[in-house]
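Here's query_36.txt, which has compact mmCIF, C-alpha atoms:
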```
# COMPACT_ATOMS: atom_id res chain seq x y z
CA MET M 1 -31.33 -14.70 20.78
CA LYS M 2 -33.09 -11.57 19.55
CA ALA M 3 -30.90 -9.46 21.79
CA VAL M 4 -27.80 -11.04 20.31
CA LEU M 5 -28.99 -10.44 16.76
CA ILE M 6 -30.01 -6.86 17.50
CA SER M 7 -26.65 -6.19 19.12
CA LEU M 8 -24.83 -7.69 16.17
CA PHE M 9 -26.85 -5.72 13.66
CA THR M 10 -26.29 -2.49 15.61
CA GLY M 11 -22.60 -3.25 15.70
CA ILE M 12 -22.53 -3.76 11.96
CA LEU M 13 -24.25 -0.42 11.41
CA MET M 14 -21.61 1.26 13.56
CA VAL M 15 -18.84 -0.15 11.41
CA GLY M 16 -19.50 2.67 8.98
CA CYS M 17 -18.35 5.10 11.63
CA TYR M 18 -15.11 3.22 12.04
CA SER M 19 -13.49 5.02 9.23
CA ARG M 20 -10.68 7.46 8.57
CA ASP M 21 -9.94 10.49 6.52
CA ASP M 22 -9.56 9.05 3.07
CA SER M 23 -8.56 12.27 1.39
CA PHE M 24 -5.49 11.71 -0.64
CA GLU M 25 -3.63 14.68 0.75
CA ARG M 26 0.07 15.11 0.13
CA THR M 27 0.33 18.63 1.48
CA VAL M 28 1.56 19.28 4.99
CA ARG M 29 0.00 22.45 6.40
CA LEU M 30 1.65 24.43 9.17
CA GLN M 31 0.76 27.69 10.88
CA ILE M 32 3.21 30.36 11.97
CA GLN M 33 2.67 33.82 13.46
CA ASP M 34 4.50 37.13 13.46
CA ALA M 35 7.31 36.02 11.19
CA ILE M 36 7.32 39.35 9.36
CA THR M 37 8.94 42.60 10.44
CA LEU M 38 8.51 46.02 8.88
CA ASP M 39 10.03 49.48 9.17
CA ASN M 40 6.78 50.66 10.76
CA LYS M 41 7.26 54.21 9.51
CA GLU M 42 4.04 56.03 8.83
CA THR M 43 5.32 58.42 6.18
CA TYR M 44 7.69 57.98 3.27
CA SER M 45 8.77 60.22 0.44
CA VAL M 46 8.66 59.44 -3.24
CA GLY M 47 11.91 57.68 -4.07
CA ASP M 48 12.21 56.00 -0.68
CA THR M 49 12.24 52.21 -0.37
CA ILE M 50 10.10 50.41 2.16
CA PHE M 51 11.49 47.09 3.39
CA PHE M 52 9.93 44.13 5.10
CA GLU M 53 11.60 40.93 6.25
CA VAL M 54 10.39 37.38 6.64
CA ARG M 55 12.18 35.01 8.98
CA PHE M 56 11.08 31.68 10.37
CA SER M 57 12.85 28.61 11.65
CA ARG M 58 13.51 25.53 9.62
CA TYR M 59 12.04 23.62 12.56
CA LEU M 60 8.37 24.44 13.06
CA LYS M 61 5.71 23.42 15.51
CA GLU M 62 3.03 21.17 14.12
CA GLU M 63 -0.35 20.80 15.71
CA GLY M 64 -0.83 17.40 17.25
CA PHE M 65 2.85 16.57 17.56
CA SER M 66 5.34 17.26 20.31
CA SER M 67 8.34 17.16 18.00
CA LEU M 68 9.20 20.01 15.68
CA LEU M 69 8.91 19.43 11.97
CA ASP M 70 12.03 19.80 9.88
CA VAL M 71 10.59 21.47 6.81
CA TYR M 72 13.88 21.38 4.91
CA GLU M 73 14.40 17.65 5.31
CA THR M 74 10.72 17.08 4.55
CA THR M 75 10.74 18.95 1.25
CA ASP M 76 14.42 19.09 0.34
CA GLU M 77 13.66 22.66 -0.75
CA LYS M 78 15.90 25.61 0.04
CA GLN M 79 13.28 28.03 -1.22
CA PHE M 80 9.58 28.49 -0.58
CA LEU M 81 7.40 30.67 -2.76
CA TYR M 82 5.06 33.35 -1.49
CA SER M 83 3.22 36.36 -2.85
CA PHE M 84 2.54 39.66 -1.15
CA GLY M 85 0.27 42.47 -2.21
CA LEU M 86 0.21 46.25 -2.16
CA SER M 87 -2.96 48.28 -2.09
CA LYS M 88 -3.55 51.99 -2.58
CA TYR M 89 -6.45 53.90 -1.11
CA SER M 90 -8.82 55.10 -3.81
CA ASP M 91 -11.20 57.99 -3.32
CA PHE M 92 -13.25 56.61 -6.19
CA SER M 93 -14.06 53.35 -4.46
CA ASN M 94 -13.49 54.61 -0.90
CA ARG M 95 -11.33 51.59 -0.12
CA TYR M 96 -7.89 50.11 -0.75
CA GLU M 97 -7.44 48.73 -4.25
CA SER M 98 -4.71 46.33 -5.36
CA VAL M 99 -1.76 47.79 -7.21
CA VAL M 100 0.41 45.93 -9.69
CA ILE M 101 4.07 46.73 -9.13
CA ASP M 102 6.64 46.83 -11.89
CA PRO M 103 9.09 44.02 -11.03
CA GLU M 104 11.89 46.51 -11.53
CA LEU M 105 10.68 48.32 -8.40
CA ILE M 106 10.85 45.22 -6.18
CA LEU M 107 14.14 44.36 -4.49
CA GLY M 108 14.78 40.88 -3.15
CA SER M 109 14.88 37.29 -4.24
CA ARG M 110 12.09 36.66 -6.66
CA PHE M 111 10.58 33.43 -7.82
CA ASP M 112 11.62 32.59 -11.36
CA ASN M 113 8.18 32.24 -12.90
CA SER M 114 9.38 32.10 -16.48
CA ASN M 115 8.02 28.59 -16.68
CA SER M 116 4.81 29.21 -14.76
CA TRP M 117 1.51 30.81 -15.68
CA GLY M 118 2.65 34.12 -14.29
CA SER M 119 1.99 35.97 -11.11
CA PHE M 120 -1.21 37.54 -9.90
CA LEU M 121 -0.42 40.80 -8.29
CA SER M 122 2.65 42.45 -6.96
CA GLY M 123 5.30 39.95 -6.19
CA ASP M 124 6.14 36.32 -6.29
CA MET M 125 9.04 36.14 -3.89
CA VAL M 126 10.96 33.39 -2.19
CA VAL M 127 12.20 32.80 1.32
CA GLU M 128 15.57 31.12 1.25
CA LEU M 129 17.38 28.87 3.67
CA ASN M 130 20.24 30.87 5.16
CA ASP M 131 23.89 29.86 5.16
CA THR M 132 23.69 28.21 8.57
CA GLN M 133 20.65 26.28 7.35
CA ASP M 134 18.53 27.00 10.40
CA PHE M 135 16.22 29.80 9.21
CA TYR M 136 14.33 30.68 6.06
CA GLU M 137 14.71 34.38 5.31
CA SER M 138 13.56 36.95 2.83
CA ARG M 139 14.14 40.70 2.67
CA VAL M 140 12.00 42.63 0.22
CA GLY M 141 12.17 46.27 -0.74
CA ILE M 142 9.63 48.26 -2.71
CA VAL M 143 10.71 51.49 -4.35
CA LEU M 144 7.94 54.02 -3.76
CA VAL M 145 7.33 56.03 -6.92
CA GLU M 146 3.98 57.69 -6.37
CA THR M 147 2.13 59.47 -3.61
CA GLY M 148 -0.91 58.20 -1.75
CA ASP M 149 -2.06 56.10 1.15
CA PHE M 150 -0.88 52.53 0.87
CA GLN M 151 -1.27 49.22 2.64
CA LEU M 152 1.04 46.23 2.41
CA ASN M 153 -0.94 43.02 2.30
CA LEU M 154 1.24 40.75 4.40
CA ASP M 155 -1.34 38.99 6.50
CA PHE M 156 -2.31 35.44 5.65
CA LEU M 157 0.69 34.81 3.44
CA THR M 158 1.40 31.23 2.52
CA PHE M 159 4.92 29.97 2.00
CA GLY M 160 4.98 26.79 0.03
CA THR M 161 6.56 24.49 -2.46
CA ASN M 162 5.97 25.80 -5.93
CA TYR M 163 4.75 22.87 -7.94
CA PHE M 164 2.98 19.59 -7.59
CA ASN M 165 4.61 16.27 -8.09
CA ASP M 166 4.86 13.01 -6.24
CA GLU M 167 6.89 14.57 -3.46
CA VAL M 168 5.68 15.99 -0.18
CA GLN M 169 4.10 19.43 -0.60
CA LEU M 170 4.30 22.04 2.13
CA ALA M 171 2.15 25.07 2.90
CA ILE M 172 3.23 27.33 5.77
CA GLU M 173 0.36 29.68 6.54
CA HIS M 174 1.30 32.96 8.19
CA SER M 175 -0.87 35.26 10.26
CA PHE M 176 -0.35 38.11 12.71
CA SER M 177 -1.26 37.71 16.34
CA ASN M 178 -3.67 40.18 17.91
CA ASP M 179 -0.88 41.91 19.81
CA SER M 180 1.39 42.27 16.80
CA PRO M 181 2.80 45.82 16.66
CA LEU M 182 3.06 45.73 12.90
CA ASN M 183 1.51 48.65 11.04
CA THR M 184 1.17 47.86 7.37
CA GLU M 185 -0.40 51.19 6.40
CA PHE M 186 1.76 54.11 5.30
CA THR M 187 1.59 57.35 3.34
CA VAL M 188 3.88 58.44 0.54
CA VAL M 189 4.32 62.19 0.04
CA GLU M 190 6.28 64.33 -2.44
CA MET Z 1 -8.69 -16.46 -14.50
CA ARG Z 2 -8.49 -17.34 -10.82
CA ARG Z 3 -11.69 -15.52 -10.17
CA SER Z 4 -13.45 -17.50 -12.88
CA LEU Z 5 -12.23 -20.76 -11.38
CA VAL Z 6 -13.60 -19.74 -8.00
CA PHE Z 7 -17.01 -18.99 -9.44
CA LEU Z 8 -17.02 -22.26 -11.39
CA ALA Z 9 -16.08 -24.29 -8.33
CA CYS Z 10 -18.83 -22.66 -6.29
CA PHE Z 11 -21.38 -23.34 -9.01
CA LEU Z 12 -20.42 -27.00 -9.45
CA LEU Z 13 -20.49 -27.60 -5.74
CA ALA Z 14 -23.93 -26.06 -5.45
CA CYS Z 15 -25.23 -28.26 -8.27
CA PHE Z 16 -23.74 -31.33 -6.65
CA ALA Z 17 -25.36 -30.54 -3.37
CA LEU Z 18 -28.82 -30.32 -4.82
CA LYS Z 19 -28.58 -34.01 -5.61
CA ALA Z 20 -27.42 -35.05 -2.20
CA GLN Z 21 -29.73 -37.07 -0.02
CA GLU Z 22 -30.99 -35.59 3.16
CA GLU Z 23 -30.31 -37.75 6.16
CA PRO Z 24 -31.51 -37.66 9.77
CA SER Z 25 -29.50 -35.09 11.60
CA LYS Z 26 -28.12 -34.62 15.06
CA SER Z 27 -28.02 -31.28 16.73
CA TYR Z 28 -24.65 -29.55 16.83
CA LYS Z 29 -24.33 -26.03 18.13
CA ASN Z 30 -20.77 -25.21 17.17
CA GLN Z 31 -18.83 -25.21 13.93
CA ILE Z 32 -15.28 -24.36 12.95
CA SER Z 33 -14.38 -24.02 9.31
CA THR Z 34 -11.76 -22.84 6.88
CA ASN Z 35 -11.84 -21.74 3.27
CA LEU Z 36 -10.22 -24.24 0.94
CA LEU Z 37 -9.70 -21.76 -1.87
CA LEU Z 38 -7.91 -19.00 -0.01
CA PRO Z 39 -4.58 -20.85 0.07
CA ILE Z 40 -4.56 -20.55 -3.73
CA PHE Z 41 -4.19 -16.84 -3.13
CA GLY Z 42 -1.58 -17.30 -0.44
CA SER Z 43 -4.18 -16.62 2.26
CA VAL Z 44 -5.93 -18.46 5.03
CA ASP Z 45 -9.02 -17.97 7.17
CA PHE Z 46 -10.85 -19.60 10.05
CA SER Z 47 -14.39 -19.17 11.27
CA TYR Z 48 -16.24 -20.13 14.40
CA GLU Z 49 -20.01 -20.30 14.36
CA ARG Z 50 -22.57 -20.82 17.09
CA SER Z 51 -26.13 -21.85 16.29
CA LEU Z 52 -28.93 -19.83 17.79
CA GLY Z 53 -32.48 -21.12 17.78
CA LYS Z 54 -33.58 -23.12 14.76
CA LYS Z 55 -32.56 -20.94 11.86
CA PHE Z 56 -29.91 -18.52 13.00
CA ALA Z 57 -26.23 -18.58 13.79
CA VAL Z 58 -23.63 -16.02 14.76
CA GLY Z 59 -19.89 -16.27 14.61
CA VAL Z 60 -16.62 -14.63 13.89
CA GLY Z 61 -14.11 -15.18 11.13
CA ALA Z 62 -10.49 -14.15 10.86
CA ALA Z 63 -8.31 -14.09 7.78
CA VAL Z 64 -4.69 -13.43 6.90
CA TYR Z 65 -4.21 -12.38 3.29
CA GLY Z 66 -1.24 -12.75 1.03
CA GLU Z 67 -0.32 -10.48 -1.85
CA ASP Z 68 -2.34 -12.53 -4.36
CA PHE Z 69 -5.52 -11.60 -2.52
CA GLU Z 70 -5.38 -8.31 -4.41
CA ASP Z 71 -6.68 -10.26 -7.41
CA LEU Z 72 -10.02 -10.36 -5.62
CA THR Z 73 -10.36 -6.64 -5.04
CA ILE Z 74 -11.13 -3.64 -7.16
CA ASP Z 75 -9.81 -1.11 -4.67
CA ASP Z 76 -6.18 -2.14 -4.93
CA SER Z 77 -5.51 1.08 -6.80
CA TYR Z 78 -7.01 3.75 -4.63
CA GLY Z 79 -6.51 7.45 -5.23
CA GLY Z 80 -3.13 6.91 -6.81
CA GLY Z 81 -1.88 4.69 -4.04
CA THR Z 82 -2.11 0.99 -3.44
CA LEU Z 83 -4.23 -0.64 -0.77
CA ARG Z 84 -3.29 -4.03 0.55
CA THR Z 85 -5.48 -5.79 3.07
CA LYS Z 86 -3.30 -7.73 5.45
CA THR Z 87 -5.66 -9.18 8.04
CA GLU Z 88 -9.37 -9.08 8.68
CA ILE Z 89 -11.78 -9.95 11.46
CA MET Z 90 -15.42 -10.52 10.51
CA PRO Z 91 -18.22 -11.01 12.99
CA PHE Z 92 -21.19 -12.42 11.13
CA ALA Z 93 -24.77 -13.56 11.45
CA ARG Z 94 -26.46 -16.17 9.31
CA ILE Z 95 -29.91 -17.36 8.57
CA TYR Z 96 -30.33 -20.93 7.32
CA PHE Z 97 -33.56 -21.10 5.40
CA ASN Z 98 -33.99 -24.83 6.01
CA GLY Z 99 -32.82 -24.64 9.61
CA ASN Z 100 -29.34 -24.56 11.09
CA GLN Z 101 -29.26 -28.35 11.61
CA ASN Z 102 -29.99 -29.18 7.98
CA LYS Z 103 -28.33 -28.71 4.66
CA SER Z 104 -29.59 -25.35 3.61
CA HIS Z 105 -29.26 -22.17 1.64
CA LEU Z 106 -27.91 -19.45 3.83
CA LEU Z 107 -27.78 -15.69 3.86
CA GLU Z 108 -25.08 -13.91 5.80
CA ILE Z 109 -24.34 -10.37 6.88
CA PHE Z 110 -21.01 -9.53 8.33
CA ALA Z 111 -18.99 -6.64 9.62
CA SER Z 112 -15.35 -6.21 8.78
CA PHE Z 113 -12.39 -4.77 10.61
CA SER Z 114 -9.44 -4.98 8.30
CA ARG Z 115 -5.84 -4.00 8.76
CA VAL Z 116 -4.53 -2.44 5.56
CA ASP Z 117 -1.26 -1.07 4.24
CA GLU Z 118 -1.65 1.87 1.93
CA ASP Z 119 1.29 3.30 0.06
CA GLY Z 120 1.51 6.76 -1.43
CA ARG Z 121 0.47 8.31 1.89
CA LEU Z 122 2.10 11.03 3.93
CA VAL Z 123 4.03 9.33 6.67
CA ARG Z 124 5.65 11.22 9.56
CA PHE Z 125 8.71 9.85 11.30
CA LEU Z 126 11.45 11.17 13.55
CA ASN Z 127 14.94 11.73 12.17
CA ASP Z 128 18.16 11.17 14.11
CA ALA Z 129 17.91 14.64 15.60
CA GLY Z 130 14.45 13.91 16.98
CA ASN Z 131 12.63 16.19 14.56
CA GLY Z 132 9.61 15.17 12.53
CA VAL Z 133 10.00 14.54 8.83
CA TYR Z 134 7.36 13.64 6.28
CA ASP Z 135 7.82 11.31 3.38
CA ILE Z 136 5.62 9.46 0.94
CA GLY Z 137 5.38 5.92 2.21
CA VAL Z 138 3.24 3.12 3.52
CA GLU Z 139 0.68 3.83 6.20
CA SER Z 140 -0.98 1.04 8.14
CA TYR Z 141 -4.41 1.50 9.63
CA THR Z 142 -7.60 -0.30 10.49
CA ARG Z 143 -10.83 0.36 8.69
CA GLY Z 144 -14.34 -0.89 8.88
CA GLY Z 145 -16.55 -2.49 6.32
CA PHE Z 146 -19.77 -4.32 5.74
CA GLY Z 147 -20.61 -7.33 3.66
CA LEU Z 148 -23.27 -9.70 2.46
CA GLY Z 149 -22.95 -13.32 1.54
CA TYR Z 150 -25.03 -16.08 0.09
CA GLY Z 151 -24.25 -19.76 0.02
CA TYR Z 152 -25.24 -23.33 0.54
CA ARG Z 153 -24.12 -25.64 3.29
CA PHE Z 154 -23.98 -29.40 2.96
CA LEU Z 155 -23.82 -31.68 5.97
CA LEU Z 156 -21.93 -34.96 5.66
CA LEU Z 157 -20.67 -37.76 7.92
CA ASP Z 158 -23.58 -37.71 10.34
CA ASP Z 159 -23.72 -33.93 10.06
CA LYS Z 160 -20.33 -33.56 11.66
CA LEU Z 161 -18.71 -32.41 8.44
CA ALA Z 162 -19.88 -29.19 6.85
CA LEU Z 163 -19.12 -28.26 3.29
CA GLU Z 164 -20.09 -24.80 2.19
CA ALA Z 165 -20.09 -22.94 -1.07
CA GLN Z 166 -20.38 -19.24 -0.44
CA PHE Z 167 -20.22 -15.99 -2.32
CA GLY Z 168 -19.59 -12.82 -0.30
CA LEU Z 169 -18.92 -9.18 -1.07
CA ARG Z 170 -17.53 -6.63 1.34
CA THR Z 171 -17.27 -2.90 0.93
CA ASN Z 172 -15.38 -0.30 2.94
CA PHE Z 173 -17.73 2.42 1.70
CA ASP Z 174 -15.04 4.03 -0.46
CA LEU Z 175 -15.84 5.05 -3.99
CA ASN Z 176 -13.73 4.06 -6.94
CA PHE Z 177 -14.75 6.85 -9.29
CA VAL Z 178 -18.52 6.36 -8.93
CA VAL Z 179 -18.49 2.67 -8.03
CA LEU Z 180 -18.65 1.53 -4.42
CA ASN Z 181 -15.55 -0.50 -3.80
CA ALA Z 182 -16.05 -4.20 -3.29
CA VAL Z 183 -13.92 -7.16 -2.41
CA LEU Z 184 -14.70 -10.85 -2.60
CA VAL Z 185 -14.57 -11.83 1.04
CA ARG Z 186 -15.72 -15.07 2.67
CA THR Z 187 -16.09 -16.43 -0.84
CA GLY Z 188 -15.14 -19.94 -1.79
CA ILE Z 189 -15.54 -23.52 -0.64
CA LYS Z 190 -15.32 -24.06 3.08
CA ILE Z 191 -14.90 -27.21 5.02
CA GLY Z 192 -15.99 -27.31 8.63
CA TYR Z 193 -16.25 -29.51 11.67
CA ARG Z 194 -19.40 -29.42 13.79
CA PHE Z 195 -19.54 -30.36 17.43
```

Any chance you could give the structure as structure tokens?
Amino acid sequence: MKAVLISLFTGILMVGCYSRDDSFERTVRLQIQDAITLDNKETYSVGDTIFFEVRFSRYLKEEGFSSLLDVYETTDEKQFLYSFGLSKYSDFSNRYESVVIDPELILGSRFDNSNSWGSFLSGDMVVELNDTQDFYESRVGIVLVETGDFQLNLDFLTFGTNYFNDEVQLAIEHSFSNDSPLNTEFTVVE
Amino acid sequence: MRRSLVFLACFLLACFALKAQEEPSKSYKNQISTNLLLPIFGSVDFSYERSLGKKFAVGVGAAVYGEDFEDLTIDDSYGGGTLRTKTEIMPFARIYFNGNQNKSHLLEIFASFSRVDEDGRLVRFLNDAGNGVYDIGVESYTRGGFGLGYGYRFLLLDDKLALEAQFGLRTNFDLNFVVLNAVLVRTGIKIGYRF
């Protein structure tokens, strides 16, 4: 009888382990790699424009599932917001420091943040579903107006829905693979 | 209101039992029982119990809950969604302070494996093209819990008929703000047959 009671009591204690993730998460997180291309030039002149492009499929792999996720049907959004950064090397600090870019110097589809709290750094841009509705795309140009050593901060971008409500939220986290040929550093000369 | 009636019924039954006469008892090892109050909430349960030794018993209960069962829970609004317990299986152990062959106060511990529907969750499904799509919907899953109960069991008709008044609380270890969630489970007036 003691063995039965001990077994039962042990079983009851283990019930606490029979649980699940109770976080009330409504954000779907996906990871993509190498979705950004760049001119890859090392030197530009003042007045030139440097371009980079973002392109990823509407159908994305999701960890733990064999079927691709249709991010458009999931969110019903034709645009996802993202922010990139630009840094300039400073001899004062001996490192790259963030630069705020005049919106007039950024070419491409921007996020209308007139109703938001404003943007942090250089650009709040959007990737848009293309006409054939199979890829999200964004082409961004930055007019280079001063000399120096610069670095585009394109790693670890997150493309996502731009506000919270009762609908499904999406965060597509981008990173570069180790063998990515992308060079985000460049120099601007007179 | 319903909850108050349940408490009142349990209290009256306990008072009534204290006046009952104790009679010579036979030894029965098995008992099946059902809760008479659960049908009020559109629910039903059954329990099987096996006596062990002189004071102990172990068993298992199973319940199917209707929508009105939510009146007995404080975790029906959970993190913005709604939890609805559909079914539950509860292995339990009891100690009868006056012995398991006599009318007696009893203390019970039980585990719980409940099947719940929770709405407001992210649910993934496949569309016609075979691609995954998320939506906010109902997610069904099983979760564990733990409970304690206290009651009194009367034995009637040569100890073949058991009548129990019991109060039980079960938690799934979730917090509602700062309060551990709790549900009235295995609470009510039970009638049982011993053999």

Exercise for review: Could you list, as an NGL selection string, the residues of chain Z having an atom within 10 Å of chain M when counting only C-alpha atoms?
Suggested key: :Z and (51-53 or 56-58 or 78-81 or 90-94 or 109-113 or 120-127 or 129-136 or 141-147 or 172-174)

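Candidate residues M:Val143, M:Ala171, M:Leu157, M:Val126 were compared for distance to Gln79 of chain M, and the nearest is M:Val126, using only C-alpha atoms.
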
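Across the structure, atom CA of Gly47 of chain M and atom CA of Ala35 of chain M are spaced 26.9 Å apart.
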
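Nearest residue to Leu107 of chain Z, choosing from Z:Val64, Z:Asp119, Z:Leu156, Z:Ala165 and counting only C-alpha atoms: Z:Ala165.
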
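Going from atom CA of Leu81 of chain M to atom CA of Thr161 of chain M covers 6.2 Å.
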
Note to self: Could you list, as a count of residues only, every residue within 10 Å of Glu63 of chain M, counting only C-alpha atoms and ignoring same-chain residues fewer than 6 positions away?
What the structure shows: 3

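Residues in contact range of Val127 of chain M, defined as at most 9 Å between only C-alpha atoms, with sequence neighbours fewer than 3 positions away removed, read Val54, Arg55, Lys78, Gln79, Phe80, Leu81, Tyr82, Ser109, Arg110, Tyr136, Glu137, Ser138, Arg139 and Phe159 of chain M.
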
Generate the missing atoms of segment 186-194 of chain Z up to all heavy atoms and report them as a compact mmCIF listing (two decimals), keeping the file's coordinate frame.
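Listed below is the output, part.txt:
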```
# COMPACT_ATOMS: atom_id res chain seq x y z
N ARG Z 186 -14.95 -13.91 2.21
CA ARG Z 186 -15.72 -15.07 2.67
C ARG Z 186 -16.33 -15.80 1.47
O ARG Z 186 -17.42 -16.37 1.57
CB ARG Z 186 -16.78 -14.66 3.69
CG ARG Z 186 -16.19 -14.06 4.94
CD ARG Z 186 -17.22 -13.66 5.98
NE ARG Z 186 -18.02 -14.78 6.46
CZ ARG Z 186 -17.58 -15.70 7.31
NH1 ARG Z 186 -16.35 -15.63 7.77
NH2 ARG Z 186 -18.37 -16.69 7.72
N THR Z 187 -15.63 -15.75 0.36
CA THR Z 187 -16.09 -16.43 -0.84
C THR Z 187 -15.24 -17.68 -1.07
O THR Z 187 -14.02 -17.65 -0.87
CB THR Z 187 -15.95 -15.49 -2.06
OG1 THR Z 187 -16.87 -14.41 -1.91
CG2 THR Z 187 -16.23 -16.22 -3.36
N GLY Z 188 -15.89 -18.74 -1.46
CA GLY Z 188 -15.14 -19.94 -1.79
C GLY Z 188 -15.81 -21.19 -1.28
O GLY Z 188 -17.03 -21.22 -1.03
N ILE Z 189 -15.04 -22.24 -1.14
CA ILE Z 189 -15.54 -23.52 -0.64
C ILE Z 189 -14.93 -23.74 0.74
O ILE Z 189 -13.71 -23.72 0.89
CB ILE Z 189 -15.14 -24.65 -1.59
CG1 ILE Z 189 -15.78 -24.40 -2.96
CG2 ILE Z 189 -15.58 -26.00 -1.04
CD1 ILE Z 189 -15.29 -25.35 -4.03
N LYS Z 190 -15.79 -23.92 1.71
CA LYS Z 190 -15.32 -24.06 3.08
C LYS Z 190 -15.59 -25.46 3.59
O LYS Z 190 -16.64 -26.06 3.28
CB LYS Z 190 -16.01 -23.05 3.99
CG LYS Z 190 -15.72 -21.60 3.64
CD LYS Z 190 -16.49 -20.67 4.55
CE LYS Z 190 -16.25 -19.22 4.15
NZ LYS Z 190 -17.05 -18.30 4.96
N ILE Z 191 -14.70 -25.93 4.36
CA ILE Z 191 -14.90 -27.21 5.02
C ILE Z 191 -14.91 -26.96 6.52
O ILE Z 191 -14.10 -26.15 7.02
CB ILE Z 191 -13.82 -28.23 4.62
CG1 ILE Z 191 -14.18 -29.61 5.17
CG2 ILE Z 191 -12.43 -27.81 5.07
CD1 ILE Z 191 -13.32 -30.72 4.55
N GLY Z 192 -15.86 -27.60 7.21
CA GLY Z 192 -15.99 -27.31 8.63
C GLY Z 192 -16.28 -28.55 9.46
O GLY Z 192 -16.78 -29.56 8.95
N TYR Z 193 -15.98 -28.43 10.72
CA TYR Z 193 -16.25 -29.51 11.67
C TYR Z 193 -17.28 -29.01 12.68
O TYR Z 193 -17.13 -27.93 13.26
CB TYR Z 193 -14.97 -29.91 12.39
CG TYR Z 193 -15.18 -30.93 13.48
CD1 TYR Z 193 -15.53 -32.25 13.17
CD2 TYR Z 193 -15.05 -30.58 14.82
CE1 TYR Z 193 -15.73 -33.18 14.17
CE2 TYR Z 193 -15.26 -31.51 15.83
CZ TYR Z 193 -15.61 -32.81 15.50
OH TYR Z 193 -15.82 -33.73 16.49
N ARG Z 194 -18.32 -29.81 12.88
CA ARG Z 194 -19.40 -29.42 13.79
C ARG Z 194 -19.31 -30.25 15.06
O ARG Z 194 -19.04 -31.46 15.02
CB ARG Z 194 -20.75 -29.59 13.11
CG ARG Z 194 -20.84 -28.85 11.78
CD ARG Z 194 -22.17 -29.13 11.10
NE ARG Z 194 -23.25 -28.40 11.73
CZ ARG Z 194 -24.45 -28.92 12.00
NH1 ARG Z 194 -24.71 -30.17 11.71
NH2 ARG Z 194 -25.38 -28.17 12.57
```
